[in-house]
Amino acid sequence: MQARGAVSIPRAWPNWLPAFGFAALLGLALFGMELLEPFFRWVEPDARSVIYARASFVDLLGRHLLVVGAAGAVTVCLGLIAGIAVTRRYGRDFLPLAGQLASIGQTFPPVAVLALAVPALGFGTPAIIVALMLYGLLPILRNTLAGLDGVDPALKEAAIAMGMTPRQRLWRVELPLAAPVILAGVRTSITINIATAALGATVGASNLGDPIIAGIINANMAYVIQGALLIALLALTVDSLFDLLEQQLRHRPTD
Amino acid sequence: MVIVNAGERHPSPNVVLIALGIVMLCAVWLLGVVSVAPNRIVPGTSYPLVAALGMPGALLVTLLLGAMTALALRPARIHYLAMLLLLVMVLLLMPFGLMVAGHFLIDPALPQARLGLGAAYWTLSFVLLLYLVELRLRLAIKRLPTALLLVAVALAWWLCARLWLDDLALVQEFQARRGAFFSAVGQHVLLVGVAVGSSLLLGLALALAMHRFHRLRKAGFALLNFLQTIPSLALFGLLLAPLAWLGANVAWLGNLGVSGIGNTPALIALIAYSLLPIVRNTFIALQQVRPDTLEAATAMGMRGHQRFWQVRFPLALPVLIEGVRITTVQAVGLTAVAALIGAGGLGTFIFQGLGQAAMDMVLLGALPIVAMALIADAALGALADITRHGGAS
């Protein structure tokens, strides 16, 4: 079970502040990287240029988000459908296998999945989207299974006794109760995918990993710092948004 | 109870195994079985089943897979055992299929020509693994015999590869860099070992401190969660600059080998990532020991440190090992990324191979990494089981 975010930080400040703060920093880094030029000049006094200029940071961020978003949308749909299907009566037979698959899949390192996807699919953005989909599916599937499994059987029986149809039971009882666990799975999946997508720069899919790889190849630390800073801020922004969503879900009114 | 036990009745067919069987049959007939390339850079042309194995071979494969599917129609223990036997046969025949394909398709006049594994081979291996998992659940086979079976199959494959499969691209790639391969494996294991070992020591100390001092708890977990969120490539990148500066400007650190590129930033980042799972599991493990157990220990006259080492620690051990398992599996993957900043290890093959568009080299790096992660997972999982049964209850 994912315990990510289980230990919450005490907040004297409003709970949207971290998300807002990281997003503001990300915006600042996107548009105001030139302001830091003296710092980068100090880091790399001899380099010809100290601000990554092969593509604008906004472009790179857009491509990064496109890859992660496309893969995320597909995985959330597929993971939820698969998780729901194997917990219904018609799909029960597949449940043990799906559970085992989800836990075995967690041991495959994301880099290896990316590396294995490239020989099959070729270089470029499609390969990385498929790799992210393959890898991101398993945390969502696992948490969907865990979340649906964790619903109190007494509540399910009560729903049957109230005369709810299977569809109503799923939408009104099981999914709302499983939602926090499923959301935690989505969060893990997206966080890992933001990190793995950065590696896509090594397989010809241009995104925020580009400045880092270019910096390492040309021994230009300024590029590396710029790429690393943007990816880190993006990851922190998205993660704190999920944190916010989880809190909303936890404190929602019970009816 | 309202829930109907439809699956309990004996003769109802095993839908899962039938579905997997049909997937395998489709895969071998519709996807490319092998590919042949004139050298290591040019992408190969792919050949279907009949071209690769000839008509007799194609019929044999179809017969074996068809039998596995047909047996699943009437599941009984004896049929499951027969399916297991057939599964092992298919696994053992897989390298021989490659030999036959090599014999048919490789022109002896082209010394550079090499045989690649086609999509059908990959799909078949993956689906067979799922098949084995399902059979294992049905036959209630334990973890150890399954692992031994897989090790035996892997050994058979290795033997075939060494003796007869010189045409196979993966084998050629391995033979071209045998020395580099083994030193990369060693380096990978060393990096993972040092990172997990030192984060275990650090993490234990940190968890104990958090256990004792409440104030440290929230700040500590907040910091570790924060670190875990930062993508690995970014953390490696952010460590490069300050470490390069320290290595260049502080003489004794430079003498210790601290520099921007290489092992130091890799180890620091690996340890930073490894701390969260270890600290979290150790902390939870220490917290979950029941107070009345500890009171009983006190009543028996145990002193503080006796109570810790003889009661609390052994009871916490399985969850702690679980943390080490998660950490090790994670570190095996992250070490591959560390190759980008010159830390060495198997990731070197992946990224060099990607750079040269030599896919067999990528496989040479990626497959052992997957194997290593699976082995670490299985071994530490078994260890946690042993301590659970030996320690508590």
# chains A, B, ... in the order shown; residues from 1 in each chain; ligands from 1

call {"tool": "closest_atom_pairs", "arguments": {"of": "chain A", "to": "chain B", "cutoff": "6 Å", "atoms": "only C-alpha atoms", "output": "JSON lines"}}
result
{"residue": "A:Leu97", "atom": "CA", "partner": "B:Glu134", "partner_atom": "CA", "distance": 5.9}
{"residue": "A:Thr107", "atom": "CA", "partner": "B:Ala373", "partner_atom": "CA", "distance": 6.0}
{"residue": "A:Phe108", "atom": "CA", "partner": "B:Val370", "partner_atom": "CA", "distance": 5.8}
{"residue": "A:Pro109", "atom": "CA", "partner": "B:Gly333", "partner_atom": "CA", "distance": 4.6}
{"residue": "A:Ala112", "atom": "CA", "partner": "B:Ala366", "partner_atom": "CA", "distance": 5.0}
{"residue": "A:Pro119", "atom": "CA", "partner": "B:Met359", "partner_atom": "CA", "distance": 5.5}
{"residue": "A:Ala195", "atom": "CA", "partner": "B:Pro231", "partner_atom": "CA", "distance": 4.4}
{"residue": "A:Val224", "atom": "CA", "partner": "B:Gly237", "partner_atom": "CA", "distance": 5.6}
{"residue": "A:Ile225", "atom": "CA", "partner": "B:Leu238", "partner_atom": "CA", "distance": 5.7}
{"residue": "A:Ala228", "atom": "CA", "partner": "B:Ala234", "partner_atom": "CA", "distance": 4.0}
{"residue": "A:Ala232", "atom": "CA", "partner": "B:Ile230", "partner_atom": "CA", "distance": 5.0}

call {"tool": "residues_around", "arguments": {"residues": "Tyr52 in chain A", "least_positions_apart": "6", "cutoff": "12 Å", "atoms": "only C-alpha atoms", "output": "JSON, numbers by chain"}}
result
{"A": [30, 33, 34, 37, 40, 58, 60, 208, 209, 210, 211, 212, 213, 214, 215, 218, 220, 221, 222, 223, 224, 225, 226, 227]}

call {"tool": "write_last_selection", "arguments": {"atoms": "N, CA, C and O atoms", "output": "tab-separated table (two decimals), in the first residue's frame"}}
result
chain	number	residue	atom	x	y	z
A	30	LEU	N	10.42	29.53	-15.66
A	30	LEU	CA	10.15	29.41	-17.09
A	30	LEU	C	10.47	30.71	-17.81
A	30	LEU	O	11.09	30.72	-18.87
A	33	MET	N	14.41	32.92	-16.49
A	33	MET	CA	15.71	32.28	-16.35
A	33	MET	C	16.85	33.26	-16.67
A	33	MET	O	17.94	33.16	-16.11
A	34	GLU	N	16.58	34.24	-17.57
A	34	GLU	CA	17.62	35.20	-17.94
A	34	GLU	C	18.08	36.03	-16.74
A	34	GLU	O	19.22	36.47	-16.68
A	37	GLU	N	21.14	34.98	-15.13
A	37	GLU	CA	22.32	34.83	-15.98
A	37	GLU	C	23.65	35.08	-15.24
A	37	GLU	O	24.60	34.32	-15.44
A	40	PHE	N	24.59	31.90	-13.52
A	40	PHE	CA	25.04	30.85	-14.43
A	40	PHE	C	26.40	31.20	-15.03
A	40	PHE	O	27.23	30.33	-15.27
A	58	VAL	N	9.33	27.02	-22.28
A	58	VAL	CA	7.88	26.80	-22.32
A	58	VAL	C	7.55	25.65	-23.26
A	58	VAL	O	6.75	24.76	-22.93
A	60	LEU	N	9.55	23.15	-24.07
A	60	LEU	CA	10.01	21.90	-23.46
A	60	LEU	C	9.02	21.43	-22.41
A	60	LEU	O	8.67	20.26	-22.33
A	208	LEU	N	11.88	18.37	-21.05
A	208	LEU	CA	12.70	19.06	-20.04
A	208	LEU	C	14.00	18.32	-19.70
A	208	LEU	O	14.88	18.89	-19.07
A	209	GLY	N	14.11	17.06	-20.12
A	209	GLY	CA	15.37	16.36	-19.90
A	209	GLY	C	16.47	16.85	-20.84
A	209	GLY	O	17.65	16.67	-20.56
A	210	ASP	N	16.08	17.49	-21.93
A	210	ASP	CA	17.05	17.96	-22.94
A	210	ASP	C	18.20	18.79	-22.38
A	210	ASP	O	19.36	18.49	-22.65
A	211	PRO	N	17.88	19.89	-21.62
A	211	PRO	CA	18.99	20.70	-21.13
A	211	PRO	C	19.96	19.90	-20.26
A	211	PRO	O	21.18	20.12	-20.35
A	212	ILE	N	19.43	18.95	-19.48
A	212	ILE	CA	20.31	18.16	-18.61
A	212	ILE	C	21.25	17.31	-19.46
A	212	ILE	O	22.47	17.31	-19.27
A	213	ILE	N	20.68	16.59	-20.43
A	213	ILE	CA	21.50	15.71	-21.26
A	213	ILE	C	22.50	16.54	-22.06
A	213	ILE	O	23.70	16.21	-22.11
A	214	ALA	N	22.03	17.65	-22.65
A	214	ALA	CA	22.94	18.51	-23.41
A	214	ALA	C	24.05	19.03	-22.51
A	214	ALA	O	25.22	19.09	-22.90
A	215	GLY	N	23.70	19.40	-21.28
A	215	GLY	CA	24.68	19.93	-20.34
A	215	GLY	C	25.71	18.88	-19.96
A	215	GLY	O	26.90	19.18	-19.86
A	218	ASN	N	28.01	18.34	-23.08
A	218	ASN	CA	28.92	19.45	-23.35
A	218	ASN	C	29.66	19.94	-22.11
A	218	ASN	O	30.30	20.97	-22.15
A	220	ASN	N	28.47	21.43	-19.58
A	220	ASN	CA	28.01	22.77	-19.24
A	220	ASN	C	27.03	22.66	-18.07
A	220	ASN	O	25.86	22.34	-18.24
A	221	MET	N	27.56	22.94	-16.86
A	221	MET	CA	26.75	22.74	-15.65
A	221	MET	C	25.54	23.67	-15.62
A	221	MET	O	24.52	23.35	-15.01
A	222	ALA	N	25.66	24.84	-16.28
A	222	ALA	CA	24.56	25.80	-16.24
A	222	ALA	C	23.31	25.19	-16.87
A	222	ALA	O	22.21	25.29	-16.31
A	223	TYR	N	23.49	24.50	-18.01
A	223	TYR	CA	22.35	23.83	-18.66
A	223	TYR	C	21.73	22.79	-17.72
A	223	TYR	O	20.52	22.68	-17.60
A	224	VAL	N	22.65	22.01	-17.10
A	224	VAL	CA	22.17	20.93	-16.23
A	224	VAL	C	21.30	21.51	-15.12
A	224	VAL	O	20.21	21.01	-14.84
A	225	ILE	N	21.79	22.59	-14.52
A	225	ILE	CA	21.03	23.19	-13.41
A	225	ILE	C	19.67	23.68	-13.89
A	225	ILE	O	18.66	23.48	-13.22
A	226	GLN	N	19.65	24.31	-15.08
A	226	GLN	CA	18.37	24.84	-15.57
A	226	GLN	C	17.35	23.72	-15.78
A	226	GLN	O	16.21	23.81	-15.34
A	227	GLY	N	17.79	22.63	-16.45
A	227	GLY	CA	16.87	21.51	-16.68
A	227	GLY	C	16.42	20.89	-15.37
A	227	GLY	O	15.24	20.63	-15.16

call {"tool": "closest_atom_pairs", "arguments": {"of": "range 66-155 of chain A", "to": "range 172-188 of chain A", "cutoff": "7 Å", "atoms": "only C-alpha atoms", "output": "tab-separated table"}}
result
residue	atom	partner	partner_atom	distance
A:Pro139	CA	A:Gly185	CA	5.2
A:Ile140	CA	A:Gly185	CA	4.7
A:Asn143	CA	A:Ile182	CA	5.1
A:Thr144	CA	A:Ile182	CA	5.0
A:Gly147	CA	A:Ala178	CA	4.3
A:Leu148	CA	A:Ala178	CA	5.5
A:Val151	CA	A:Glu174	CA	6.4

call {"tool": "write_last_selection", "arguments": {"atoms": "all heavy atoms", "output": "PDB file, in the first residue's frame"}}
result
ATOM      1  N   PRO A 139       0.854   0.837 -10.900  1.00  0.00           N
ATOM      2  CA  PRO A 139       0.456   1.430  -9.607  1.00  0.00           C
ATOM      3  C   PRO A 139      -1.037   1.722  -9.547  1.00  0.00           C
ATOM      4  O   PRO A 139      -1.662   1.517  -8.511  1.00  0.00           O
ATOM      5  CB  PRO A 139       1.259   2.733  -9.535  1.00  0.00           C
ATOM      6  CG  PRO A 139       2.316   2.625 -10.531  1.00  0.00           C
ATOM      7  CD  PRO A 139       1.883   1.630 -11.555  1.00  0.00           C
ATOM      8  N   ILE A 140      -1.611   2.162 -10.681  1.00  0.00           N
ATOM      9  CA  ILE A 140      -3.040   2.488 -10.682  1.00  0.00           C
ATOM     10  C   ILE A 140      -3.862   1.215 -10.526  1.00  0.00           C
ATOM     11  O   ILE A 140      -4.792   1.159  -9.705  1.00  0.00           O
ATOM     12  CB  ILE A 140      -3.417   3.244 -11.972  1.00  0.00           C
ATOM     13  CG1 ILE A 140      -2.665   4.569 -12.016  1.00  0.00           C
ATOM     14  CG2 ILE A 140      -4.912   3.483 -12.037  1.00  0.00           C
ATOM     15  CD1 ILE A 140      -2.932   5.376 -13.249  1.00  0.00           C
ATOM     16  N   ASN A 143      -3.523  -0.073  -6.915  1.00  0.00           N
ATOM     17  CA  ASN A 143      -4.279   0.685  -5.919  1.00  0.00           C
ATOM     18  C   ASN A 143      -5.782   0.588  -6.145  1.00  0.00           C
ATOM     19  O   ASN A 143      -6.542   0.637  -5.182  1.00  0.00           O
ATOM     20  CB  ASN A 143      -3.818   2.139  -5.901  1.00  0.00           C
ATOM     21  CG  ASN A 143      -2.550   2.301  -5.108  1.00  0.00           C
ATOM     22  OD1 ASN A 143      -1.672   1.447  -5.154  1.00  0.00           O
ATOM     23  ND2 ASN A 143      -2.454   3.378  -4.350  1.00  0.00           N
ATOM     24  N   THR A 144      -6.221   0.452  -7.420  1.00  0.00           N
ATOM     25  CA  THR A 144      -7.650   0.258  -7.664  1.00  0.00           C
ATOM     26  C   THR A 144      -8.096  -1.051  -7.020  1.00  0.00           C
ATOM     27  O   THR A 144      -9.126  -1.103  -6.335  1.00  0.00           O
ATOM     28  CB  THR A 144      -7.941   0.211  -9.173  1.00  0.00           C
ATOM     29  OG1 THR A 144      -7.369   1.367  -9.783  1.00  0.00           O
ATOM     30  CG2 THR A 144      -9.424   0.203  -9.447  1.00  0.00           C
ATOM     31  N   GLY A 147      -8.019  -0.600  -3.264  1.00  0.00           N
ATOM     32  CA  GLY A 147      -9.096   0.281  -2.815  1.00  0.00           C
ATOM     33  C   GLY A 147     -10.439  -0.415  -2.843  1.00  0.00           C
ATOM     34  O   GLY A 147     -11.204  -0.363  -1.871  1.00  0.00           O
ATOM     35  N   LEU A 148     -10.727  -1.132  -3.939  1.00  0.00           N
ATOM     36  CA  LEU A 148     -12.023  -1.826  -4.043  1.00  0.00           C
ATOM     37  C   LEU A 148     -12.090  -2.984  -3.056  1.00  0.00           C
ATOM     38  O   LEU A 148     -13.140  -3.283  -2.496  1.00  0.00           O
ATOM     39  CB  LEU A 148     -12.232  -2.332  -5.474  1.00  0.00           C
ATOM     40  CG  LEU A 148     -12.473  -1.242  -6.522  1.00  0.00           C
ATOM     41  CD1 LEU A 148     -12.529  -1.851  -7.906  1.00  0.00           C
ATOM     42  CD2 LEU A 148     -13.753  -0.485  -6.224  1.00  0.00           C
ATOM     43  N   VAL A 151     -13.055  -1.968   0.602  1.00  0.00           N
ATOM     44  CA  VAL A 151     -14.405  -1.511   0.962  1.00  0.00           C
ATOM     45  C   VAL A 151     -15.041  -2.540   1.888  1.00  0.00           C
ATOM     46  O   VAL A 151     -15.033  -3.738   1.600  1.00  0.00           O
ATOM     47  CB  VAL A 151     -15.267  -1.322  -0.306  1.00  0.00           C
ATOM     48  CG1 VAL A 151     -16.684  -0.938   0.076  1.00  0.00           C
ATOM     49  CG2 VAL A 151     -14.666  -0.251  -1.187  1.00  0.00           C
TER      50      VAL A 151
END

call {"tool": "atom_distance", "arguments": {"atom1": "CA of Val118 in chain A", "atom2": "CA of His103 in chain B"}}
result
27.9 Å

call {"tool": "residues_around", "arguments": {"residues": "Arg114 in chain B", "least_positions_apart": "3", "cutoff": "8 Å", "atoms": "only C-alpha atoms", "output": "ChimeraX atom specification"}}
result
/B:36-40,106,167-169,172

call {"tool": "write_last_selection", "arguments": {"atoms": "all heavy atoms", "output": "PDB file, in the first residue's frame"}}
result
ATOM      1  N   VAL B  36      16.310 -10.839 -38.913  1.00  0.00           N
ATOM      2  CA  VAL B  36      17.686 -11.058 -39.349  1.00  0.00           C
ATOM      3  C   VAL B  36      18.238  -9.733 -39.843  1.00  0.00           C
ATOM      4  O   VAL B  36      17.611  -9.046 -40.655  1.00  0.00           O
ATOM      5  CB  VAL B  36      17.757 -12.105 -40.476  1.00  0.00           C
ATOM      6  CG1 VAL B  36      19.177 -12.229 -40.991  1.00  0.00           C
ATOM      7  CG2 VAL B  36      17.259 -13.441 -39.975  1.00  0.00           C
ATOM      8  N   ALA B  37      19.408  -9.344 -39.313  1.00  0.00           N
ATOM      9  CA  ALA B  37      20.029  -8.086 -39.717  1.00  0.00           C
ATOM     10  C   ALA B  37      21.411  -8.373 -40.255  1.00  0.00           C
ATOM     11  O   ALA B  37      22.110  -9.256 -39.747  1.00  0.00           O
ATOM     12  CB  ALA B  37      20.112  -7.143 -38.520  1.00  0.00           C
ATOM     13  N   PRO B  38      21.849  -7.656 -41.299  1.00  0.00           N
ATOM     14  CA  PRO B  38      23.179  -7.894 -41.850  1.00  0.00           C
ATOM     15  C   PRO B  38      24.309  -7.442 -40.918  1.00  0.00           C
ATOM     16  O   PRO B  38      25.425  -7.959 -41.000  1.00  0.00           O
ATOM     17  CB  PRO B  38      23.184  -7.092 -43.161  1.00  0.00           C
ATOM     18  CG  PRO B  38      22.064  -6.126 -43.044  1.00  0.00           C
ATOM     19  CD  PRO B  38      21.067  -6.721 -42.117  1.00  0.00           C
ATOM     20  N   ASN B  39      24.057  -6.448 -40.034  1.00  0.00           N
ATOM     21  CA  ASN B  39      25.069  -6.065 -39.048  1.00  0.00           C
ATOM     22  C   ASN B  39      24.383  -5.462 -37.836  1.00  0.00           C
ATOM     23  O   ASN B  39      23.160  -5.505 -37.724  1.00  0.00           O
ATOM     24  CB  ASN B  39      26.093  -5.092 -39.646  1.00  0.00           C
ATOM     25  CG  ASN B  39      25.415  -3.851 -40.188  1.00  0.00           C
ATOM     26  OD1 ASN B  39      24.638  -3.216 -39.495  1.00  0.00           O
ATOM     27  ND2 ASN B  39      25.690  -3.528 -41.439  1.00  0.00           N
ATOM     28  N   ARG B  40      25.148  -4.855 -36.907  1.00  0.00           N
ATOM     29  CA  ARG B  40      24.542  -4.517 -35.634  1.00  0.00           C
ATOM     30  C   ARG B  40      23.759  -3.203 -35.657  1.00  0.00           C
ATOM     31  O   ARG B  40      22.989  -2.936 -34.732  1.00  0.00           O
ATOM     32  CB  ARG B  40      25.587  -4.490 -34.521  1.00  0.00           C
ATOM     33  CG  ARG B  40      26.544  -3.344 -34.513  1.00  0.00           C
ATOM     34  CD  ARG B  40      27.601  -3.583 -33.447  1.00  0.00           C
ATOM     35  NE  ARG B  40      27.142  -3.212 -32.109  1.00  0.00           N
ATOM     36  CZ  ARG B  40      27.563  -2.138 -31.466  1.00  0.00           C
ATOM     37  NH1 ARG B  40      28.401  -1.318 -32.044  1.00  0.00           N
ATOM     38  NH2 ARG B  40      27.148  -1.873 -30.263  1.00  0.00           N
ATOM     39  N   ILE B 106      20.153 -17.595 -41.662  1.00  0.00           N
ATOM     40  CA  ILE B 106      21.436 -16.888 -41.678  1.00  0.00           C
ATOM     41  C   ILE B 106      22.307 -17.435 -42.801  1.00  0.00           C
ATOM     42  O   ILE B 106      22.558 -18.640 -42.865  1.00  0.00           O
ATOM     43  CB  ILE B 106      22.153 -17.061 -40.322  1.00  0.00           C
ATOM     44  CG1 ILE B 106      21.335 -16.420 -39.200  1.00  0.00           C
ATOM     45  CG2 ILE B 106      23.541 -16.455 -40.381  1.00  0.00           C
ATOM     46  CD1 ILE B 106      21.446 -14.950 -39.077  1.00  0.00           C
ATOM     47  N   ASP B 167      24.777 -17.112 -33.517  1.00  0.00           N
ATOM     48  CA  ASP B 167      24.128 -16.194 -34.454  1.00  0.00           C
ATOM     49  C   ASP B 167      23.329 -15.121 -33.740  1.00  0.00           C
ATOM     50  O   ASP B 167      23.058 -14.065 -34.307  1.00  0.00           O
ATOM     51  CB  ASP B 167      23.148 -16.959 -35.364  1.00  0.00           C
ATOM     52  CG  ASP B 167      23.883 -17.957 -36.226  1.00  0.00           C
ATOM     53  OD1 ASP B 167      25.047 -17.675 -36.550  1.00  0.00           O
ATOM     54  OD2 ASP B 167      23.299 -18.994 -36.546  1.00  0.00           O
ATOM     55  N   LEU B 168      22.914 -15.411 -32.493  1.00  0.00           N
ATOM     56  CA  LEU B 168      22.001 -14.507 -31.808  1.00  0.00           C
ATOM     57  C   LEU B 168      22.685 -13.173 -31.513  1.00  0.00           C
ATOM     58  O   LEU B 168      23.797 -13.133 -30.998  1.00  0.00           O
ATOM     59  CB  LEU B 168      21.517 -15.159 -30.514  1.00  0.00           C
ATOM     60  CG  LEU B 168      20.304 -14.513 -29.873  1.00  0.00           C
ATOM     61  CD1 LEU B 168      19.100 -14.672 -30.778  1.00  0.00           C
ATOM     62  CD2 LEU B 168      20.031 -15.137 -28.525  1.00  0.00           C
ATOM     63  N   ALA B 169      21.990 -12.062 -31.846  1.00  0.00           N
ATOM     64  CA  ALA B 169      22.579 -10.740 -31.710  1.00  0.00           C
ATOM     65  C   ALA B 169      23.018 -10.467 -30.275  1.00  0.00           C
ATOM     66  O   ALA B 169      24.092  -9.919 -30.027  1.00  0.00           O
ATOM     67  CB  ALA B 169      21.561  -9.696 -32.157  1.00  0.00           C
ATOM     68  N   GLN B 172      26.232 -12.216 -29.554  1.00  0.00           N
ATOM     69  CA  GLN B 172      27.363 -11.554 -30.214  1.00  0.00           C
ATOM     70  C   GLN B 172      27.760 -10.288 -29.469  1.00  0.00           C
ATOM     71  O   GLN B 172      28.932 -10.006 -29.257  1.00  0.00           O
ATOM     72  CB  GLN B 172      26.985 -11.206 -31.652  1.00  0.00           C
ATOM     73  CG  GLN B 172      26.903 -12.437 -32.528  1.00  0.00           C
ATOM     74  CD  GLN B 172      26.672 -12.083 -33.974  1.00  0.00           C
ATOM     75  OE1 GLN B 172      26.519 -10.911 -34.315  1.00  0.00           O
ATOM     76  NE2 GLN B 172      26.645 -13.086 -34.823  1.00  0.00           N
TER      77      GLN B 172
END

call {"tool": "atom_distance", "arguments": {"atom1": "CA of Leu25 in chain A", "atom2": "CA of Gly220 in chain B"}}
result
23.3 Å

call {"tool": "select_by_dssp", "arguments": {"residues": "range 18-237 of chain B", "states": "strand (DSSP E)", "output": "number ranges by chain"}}
result
B: 34-37, 45-47, 114-117

call {"tool": "write_last_selection", "arguments": {"atoms": "N, CA and C atoms", "output": "PDB file, in the first residue's frame"}}
result
ATOM      1  N   VAL B  34      11.383 -14.091 -35.609  1.00  0.00           N
ATOM      2  CA  VAL B  34      12.777 -13.643 -35.496  1.00  0.00           C
ATOM      3  C   VAL B  34      13.007 -12.538 -36.524  1.00  0.00           C
ATOM      4  N   SER B  35      14.113 -11.809 -36.325  1.00  0.00           N
ATOM      5  CA  SER B  35      14.503 -10.848 -37.348  1.00  0.00           C
ATOM      6  C   SER B  35      15.965 -11.108 -37.692  1.00  0.00           C
ATOM      7  N   VAL B  36      16.310 -10.839 -38.913  1.00  0.00           N
ATOM      8  CA  VAL B  36      17.686 -11.058 -39.349  1.00  0.00           C
ATOM      9  C   VAL B  36      18.238  -9.733 -39.843  1.00  0.00           C
ATOM     10  N   ALA B  37      19.408  -9.344 -39.313  1.00  0.00           N
ATOM     11  CA  ALA B  37      20.029  -8.086 -39.717  1.00  0.00           C
ATOM     12  C   ALA B  37      21.411  -8.373 -40.255  1.00  0.00           C
ATOM     13  N   THR B  45      15.137  -7.518 -40.908  1.00  0.00           N
ATOM     14  CA  THR B  45      13.836  -7.833 -41.497  1.00  0.00           C
ATOM     15  C   THR B  45      13.235  -8.958 -40.675  1.00  0.00           C
ATOM     16  N   SER B  46      11.911  -8.875 -40.472  1.00  0.00           N
ATOM     17  CA  SER B  46      11.295  -9.826 -39.571  1.00  0.00           C
ATOM     18  C   SER B  46      10.675 -10.982 -40.348  1.00  0.00           C
ATOM     19  N   TYR B  47      10.729 -12.189 -39.783  1.00  0.00           N
ATOM     20  CA  TYR B  47      10.203 -13.389 -40.454  1.00  0.00           C
ATOM     21  C   TYR B  47       9.104 -14.018 -39.619  1.00  0.00           C
ATOM     22  N   ARG B 114      23.213 -11.336 -38.048  1.00  0.00           N
ATOM     23  CA  ARG B 114      22.817 -11.733 -36.700  1.00  0.00           C
ATOM     24  C   ARG B 114      21.310 -11.892 -36.614  1.00  0.00           C
ATOM     25  N   LEU B 115      20.939 -12.756 -35.657  1.00  0.00           N
ATOM     26  CA  LEU B 115      19.539 -13.110 -35.475  1.00  0.00           C
ATOM     27  C   LEU B 115      18.982 -12.308 -34.294  1.00  0.00           C
ATOM     28  N   GLY B 116      17.867 -11.621 -34.504  1.00  0.00           N
ATOM     29  CA  GLY B 116      17.238 -10.894 -33.400  1.00  0.00           C
ATOM     30  C   GLY B 116      15.974 -11.591 -32.956  1.00  0.00           C
ATOM     31  N   LEU B 117      15.618 -11.358 -31.687  1.00  0.00           N
ATOM     32  CA  LEU B 117      14.381 -11.945 -31.177  1.00  0.00           C
ATOM     33  C   LEU B 117      13.208 -11.114 -31.673  1.00  0.00           C
TER      34      LEU B 117
END

call {"tool": "atom_distance", "arguments": {"atom1": "CA of Asn249 in chain B", "atom2": "CA of Gly344 in chain B"}}
result
24.7 Å
